[in-house]
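Structure record follows, encoded as structure tokens.
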Amino acid sequence: MTKKELEAKQSSNITPEVIESERAILAKTWDNGRGIYAWLCNSHHKSVGIRYIVTAFIFFILSGILAVGMRTQLMRPENRVLGPDLYNQFFTTHGSSMMFLFAVPVMLGMATYLVPLMIGTRESSFPRANLYGYYVYLFSGILLFTALLLNIGPDAGWFAYVPLSGPEYGIGKRVDVWSQMVSLTEISALTTAVVTIVTIFKQRAPGMSLSRMPLYVWSMLVTSFMILFAMPAVMLSSTLLSMDRLSKVSTHFFNHAEGGDPILWQHLFWFFGHPEVYIIFLPATGFVSSIIATFARRKVFGYTPLVMSAIATAFIGFGVWVHHMFATPLPQLGQSIFTASSLLIVIPNGVQIFCWVTTLWLGKWNFKAPLAWVMGFFGIFVMGGLTGVMLASVPLDTQLHDTFFVVAHFHYVLIGGAVFPLFGAIYYWFPKMTGRMLNNTAGVVNAALMFIGFNLVFFPMHILGLDGMPRRVYTYVAETGWGNLNFLATMGAYVMALAALVFVGNVIFSLLRGRVAGDNPWGADTLEWSLTSPPQSYNFQYIPEVEGANALWDMTEDHAVVTGLHIYSRELLHTTIHDASPEKRHQTHDGSIFPLLTALVTAGGFISFMFTPWSIPVGMFLASLTMFGWFWSNSTEHRPPYSSPKDNPLYDDSGMAREVAI
Amino acid sequence: MSEAVAEKQTALDVTGLPTTMLDSHSALWWGNALLLAIETAMFGILIAIYFSVLMQTEPFPPPRTERLPILYESYPNLTLPVIGLILLLVSLLPAIMLDRAARRRQAGMIKVLLPVTLLLNLVVIVIRYYEFDSLLFKWEDNAYGSITWMILGMHMFHLIVLACEDIFLLIWTYAKGVDDKHALDITVLGVYWYWVVGLWLLLFSVVYLVPRFTL
């Protein structure tokens, strides 16, 4: 590299000629290459984000097909479409995949794509770690569905209670597939959560203080913190379960005969499992806030209460897990405390709903497909919340435990609370991601079909549950009288499948023939809409200074833009955590093969732990090699700063940066 | 953004900003801190499991009947663990000195201290390997054995990760010298080090002292 190149930086002389010439250089610096190898190495956040989303939707469709299979089996009494064993594998894989391979990863994928664009930066904080997280997730999904194809899919339910899943009753390798899949997805979730938090903390555009952060970014910040403290519980417990199960290790964590405790499993699992619901739901609240602000054409009512509600939900969410365990012998005081906290969490969620409804009330509607999905969200999620309040009561819960009432409740919460906003978000951001609009009419039809289908499937389940139909039975006899409602539910499942087909058709058609979207087709307020659709590889040529909570709506014509970042290396602007005032320039990395290699070693190590404990030392050794290569390449690719140290008061005589007191 | 608008804009020139800053000003420090938050949560759950086993086991620790001689007062031996604890605490001294040397970019000092800290770390790992025998149980004997092995093992894993980081920085420093980026890396290594030692004070109390003080 020549000295001239080292000196090169974005000029503060912003004339059209300078903009054009620097744009070309930036595009070359941020180019991610062509070909399969470059694609495997590509760690840019937009590429990783889209791969996350597409992969998650593939698992969504696969798990949906399993659900249709289950509904077909239950369509009439004593049906013989699936046998009992296959039915067990279907519902376990459906639940595990929807939770671990779809709901959490798709939210993290959306965040990986959207957060850097929304806060005004060119890349996520640790792009290579982000890519590593994606690959680990991909391999865990392949593991689960390969096992199902080989007829050794897990069959002990998505929460794999011991002793059914323990060494005594969980024969073969089925539960091991489940536990290793869980461990791998959680590695991926934890990695992406750390990347998201650091991106939000350090890389916001100048002026975007915490009180001006878009509500979606707030929701992802809170979600990521929840992931940090919830996911270790399930990773640890699934690891302990696999150690209990591996005959060469044979620990006794969950073995009552040797001082262990089967109830401990339930505590550990639900200490993760309940916060998981909010980990899925909170990003969706961010979608709802974004969509409502745009389509009600006004700023969201109650910014501060919405942020506080998200934080309160996160805190209370860690104190409600025992309400899943009311059917176990618990001290009565414990039951009362967890009933109280489960009722308490309704308050922040209610505040959120009221803020959104008020925003819609005060706004001028622009009724488009994303808003249609949000309307569906209101109806379904509120109803799921109400049955949630019912289930928080111990006497009712012990009556309804393990019946279809519970199945109805959590599908209302999860599909209403997360899937509807997610589809709204896809309709909303698809133009930004691809440059083309999804068909609006098809989108409204899609939402309506999904709403009708959903209620046809799950509303009858409330009644079936009250009638005493248990979960996880592969069939029932005609004398129970459950046949008609089950038939109705199955018809609803087919309507939902049709809705999914409309969605897939709309995506394919719009990718090829959709109306070309401009930069900001909806007139939205967040920074990503100031970019071209899809955004350039470097996102922002000039990072704008943010002047209000609704960045684009509050932006004045002569707002300041950041200049002086390196154009020959991938440089980011770091800002202070609270006020987002510029602090330093930070050089980030481009793609590398080492994340893929490290992910292969990680997945290989975890998967072979199903068979031998030696996979731990061997895996650690191999991982240390790949990570050595990773960090070494990070270090050698680091370019020296361009500004001559002698002219810069921030560098001392030896050319080292001085410590700066802020 | 269109050029017409761009011409009106004022520039916020960031040329003068530094490229490396320490502690909470750097992304790496935050990445490490959040990783440690995850690990702390994990160890918190391990401690919770330990006390769950304690409540299930009467007397605690359980008598060792799996092997001869049968032991009724099966408290863990303290000799080797105490030596390991003292060495870990002693390792804080060179670790702090290394941290300070990195902040002052004293390349010579860093090149001396990296091997010293690594050596102490490796000695502690070897002691930890033999320390498992002090527990008097195997992981497969009972739940008490399982959880104590797990706690010691997970902490040992972090000692090994620490050694790997130390080795990487040692090789880099000797091959390429000390630069800003790696001075930051060394201070972050310091944070990891303090965390590993501080955590061990807690885990040591749980695994070795709690059995002697339970009624």
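By order of appearance in the structure tokens: chains A, B, ..., then residues from 1 within every chain, and ligands from 1 in the order shown.
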List every residue of chain B that has an atom at most 7 Å from any atom of chain A, and for each one report the closest atom pair and its distance in Å to one decimal, counting only C-alpha atoms, with rows sorted by chain and then by increasing residue number, as a tab-separated table.
residue	atom	partner	partner_atom	distance
B:Met1	CA	A:Ser530	CA	6.7
B:Glu3	CA	A:Pro16	CA	5.8
B:Val5	CA	A:Glu557	CA	6.8
B:Ala6	CA	A:Ile14	CA	6.9
B:Glu7	CA	A:Thr15	CA	6.2
B:Lys8	CA	A:Asp558	CA	5.5
B:Gln9	CA	A:Asp558	CA	4.7
B:Thr10	CA	A:Ala560	CA	4.6
B:Ala11	CA	A:Val561	CA	5.2
B:Leu12	CA	A:Val562	CA	4.6
B:Asp13	CA	A:Thr563	CA	4.7
B:Val14	CA	A:Gly564	CA	5.1
B:Thr15	CA	A:Gly564	CA	4.6
B:Gly16	CA	A:Asn648	CA	6.5
B:Leu17	CA	A:Lys584	CA	4.9
B:Pro18	CA	A:Lys584	CA	5.1
B:Thr19	CA	A:Arg585	CA	4.8
B:Thr20	CA	A:Ala657	CA	6.5
B:Met21	CA	A:Glu659	CA	6.3
B:Ala27	CA	A:Val198	CA	6.2
B:Trp30	CA	A:Val198	CA	6.4
B:Gly31	CA	A:Val194	CA	6.3
B:Leu34	CA	A:Val194	CA	6.4
B:Ile38	CA	A:Leu228	CA	5.3
B:Ala41	CA	A:Phe229	CA	5.9
B:Met42	CA	A:Pro232	CA	5.3
B:Ile45	CA	A:Ala233	CA	6.8
B:Val53	CA	A:Gly260	CA	6.2
B:Gln56	CA	A:Gly259	CA	5.9
B:Thr57	CA	A:Gly259	CA	5.8
B:Trp139	CA	A:Thr251	CA	5.8
B:Glu140	CA	A:Thr251	CA	4.8
B:Asn142	CA	A:Glu258	CA	4.8
B:Ala143	CA	A:His252	CA	4.7
B:Ser146	CA	A:Thr251	CA	5.4
B:Asp180	CA	A:Met656	CA	6.4
Q | Long-range neighbours of segment 193-206 of chain B as an MDAnalysis selection string, 10 Å cut-off, only C-alpha atoms, 5 positions minimum in chain | A | chainID B and resid 33 36 40 43:44 46:47 50:51 81:82 85 88:92 95:96 117 121 148 151:152 155:156 158:159 162:163 187:188 211
Q | Nearby residues (only C-alpha atoms) at most 12 Å from Leu362 of chain A, same-chain spacing under 4 positions excluded, as number ranges by chain | A | A: 292-293, 295-301, 355-358
Keeping only C-alpha atoms, take the residues you just selected and write them out as a compact mmCIF listing (two decimals), in the first residue's frame.
# COMPACT_ATOMS: atom_id res chain seq x y z
CA ILE A 292 -47.42 1.31 13.54
CA ALA A 293 -45.35 4.51 13.48
CA PHE A 295 -48.58 3.35 8.86
CA ALA A 296 -50.25 5.58 11.43
CA ARG A 297 -47.99 8.34 10.06
CA ARG A 298 -47.05 9.73 13.44
CA LYS A 299 -44.48 9.09 16.12
CA VAL A 300 -45.31 6.27 18.50
CA PHE A 301 -47.30 7.38 21.53
CA CYS A 355 -49.57 2.72 23.63
CA TRP A 356 -49.96 1.12 20.20
CA VAL A 357 -53.71 1.45 20.15
CA THR A 358 -53.39 5.11 21.14
Need the shell around segment 107-114 of chain B: protein/DNA/RNA residues with any atom at most 9 Å away, counting only C-alpha atoms. Skip same-chain ones fewer than 4 positions apart. Format as an mmCIF file with C-alpha atoms, in the first residue's frame?
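Written file, part-v9.cif:
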data_model
loop_
_atom_site.group_PDB
_atom_site.id
_atom_site.type_symbol
_atom_site.label_atom_id
_atom_site.label_comp_id
_atom_site.auth_asym_id
_atom_site.auth_seq_id
_atom_site.Cartn_x
_atom_site.Cartn_y
_atom_site.Cartn_z
ATOM 1 C CA PRO B 94 2.117 -10.644 37.272
ATOM 2 C CA ALA B 95 -1.317 -10.379 35.652
ATOM 3 C CA MET B 97 1.727 -5.933 36.150
ATOM 4 C CA LEU B 98 1.100 -7.191 32.605
ATOM 5 C CA ASP B 99 -2.098 -5.160 32.398
ATOM 6 C CA ALA B 101 2.665 -2.673 31.172
ATOM 7 C CA ALA B 102 0.227 -2.981 28.261
ATOM 8 C CA LEU B 118 1.560 -18.458 31.177
ATOM 9 C CA LEU B 119 3.872 -20.590 33.334
ATOM 10 C CA ASP B 166 -1.816 -16.131 26.580
ATOM 11 C CA ILE B 167 0.026 -18.379 24.109
ATOM 12 C CA LEU B 169 -0.419 -13.109 22.496
ATOM 13 C CA LEU B 170 3.015 -14.488 23.421
ATOM 14 C CA THR B 173 4.361 -10.266 20.646
ATOM 15 C CA TYR B 174 7.579 -12.145 19.983
ATOM 16 C CA GLY B 177 6.091 -6.725 18.580
ATOM 17 C CA VAL B 178 3.533 -4.802 20.617
ATOM 18 C CA ASP B 179 1.088 -2.590 18.765
ATOM 19 C CA ILE B 186 -3.536 -7.805 26.661
#
Compile the contact shell of Ser238 of chain A as a PDB file with N, CA and C atoms, in the first residue's frame: residues with an atom at most 8 Å away, counting only C-alpha atoms, same-chain residues fewer than 5 positions apart removed.
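Below you can see result17.pdb, which holds the result:
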ATOM      1  N   SER A 179     -30.582 -32.881  22.394  1.00  0.00           N
ATOM      2  CA  SER A 179     -29.774 -32.083  23.319  1.00  0.00           C
ATOM      3  C   SER A 179     -28.614 -31.406  22.592  1.00  0.00           C
ATOM      4  N   GLN A 180     -28.005 -32.090  21.618  1.00  0.00           N
ATOM      5  CA  GLN A 180     -26.885 -31.455  20.924  1.00  0.00           C
ATOM      6  C   GLN A 180     -27.392 -30.353  19.995  1.00  0.00           C
ATOM      7  N   VAL A 182     -29.910 -28.468  20.627  1.00  0.00           N
ATOM      8  CA  VAL A 182     -30.191 -27.323  21.501  1.00  0.00           C
ATOM      9  C   VAL A 182     -28.895 -26.600  21.857  1.00  0.00           C
ATOM     10  N   SER A 183     -27.870 -27.356  22.251  1.00  0.00           N
ATOM     11  CA  SER A 183     -26.605 -26.717  22.630  1.00  0.00           C
ATOM     12  C   SER A 183     -26.061 -25.882  21.479  1.00  0.00           C
TER      13      SER A 183
END
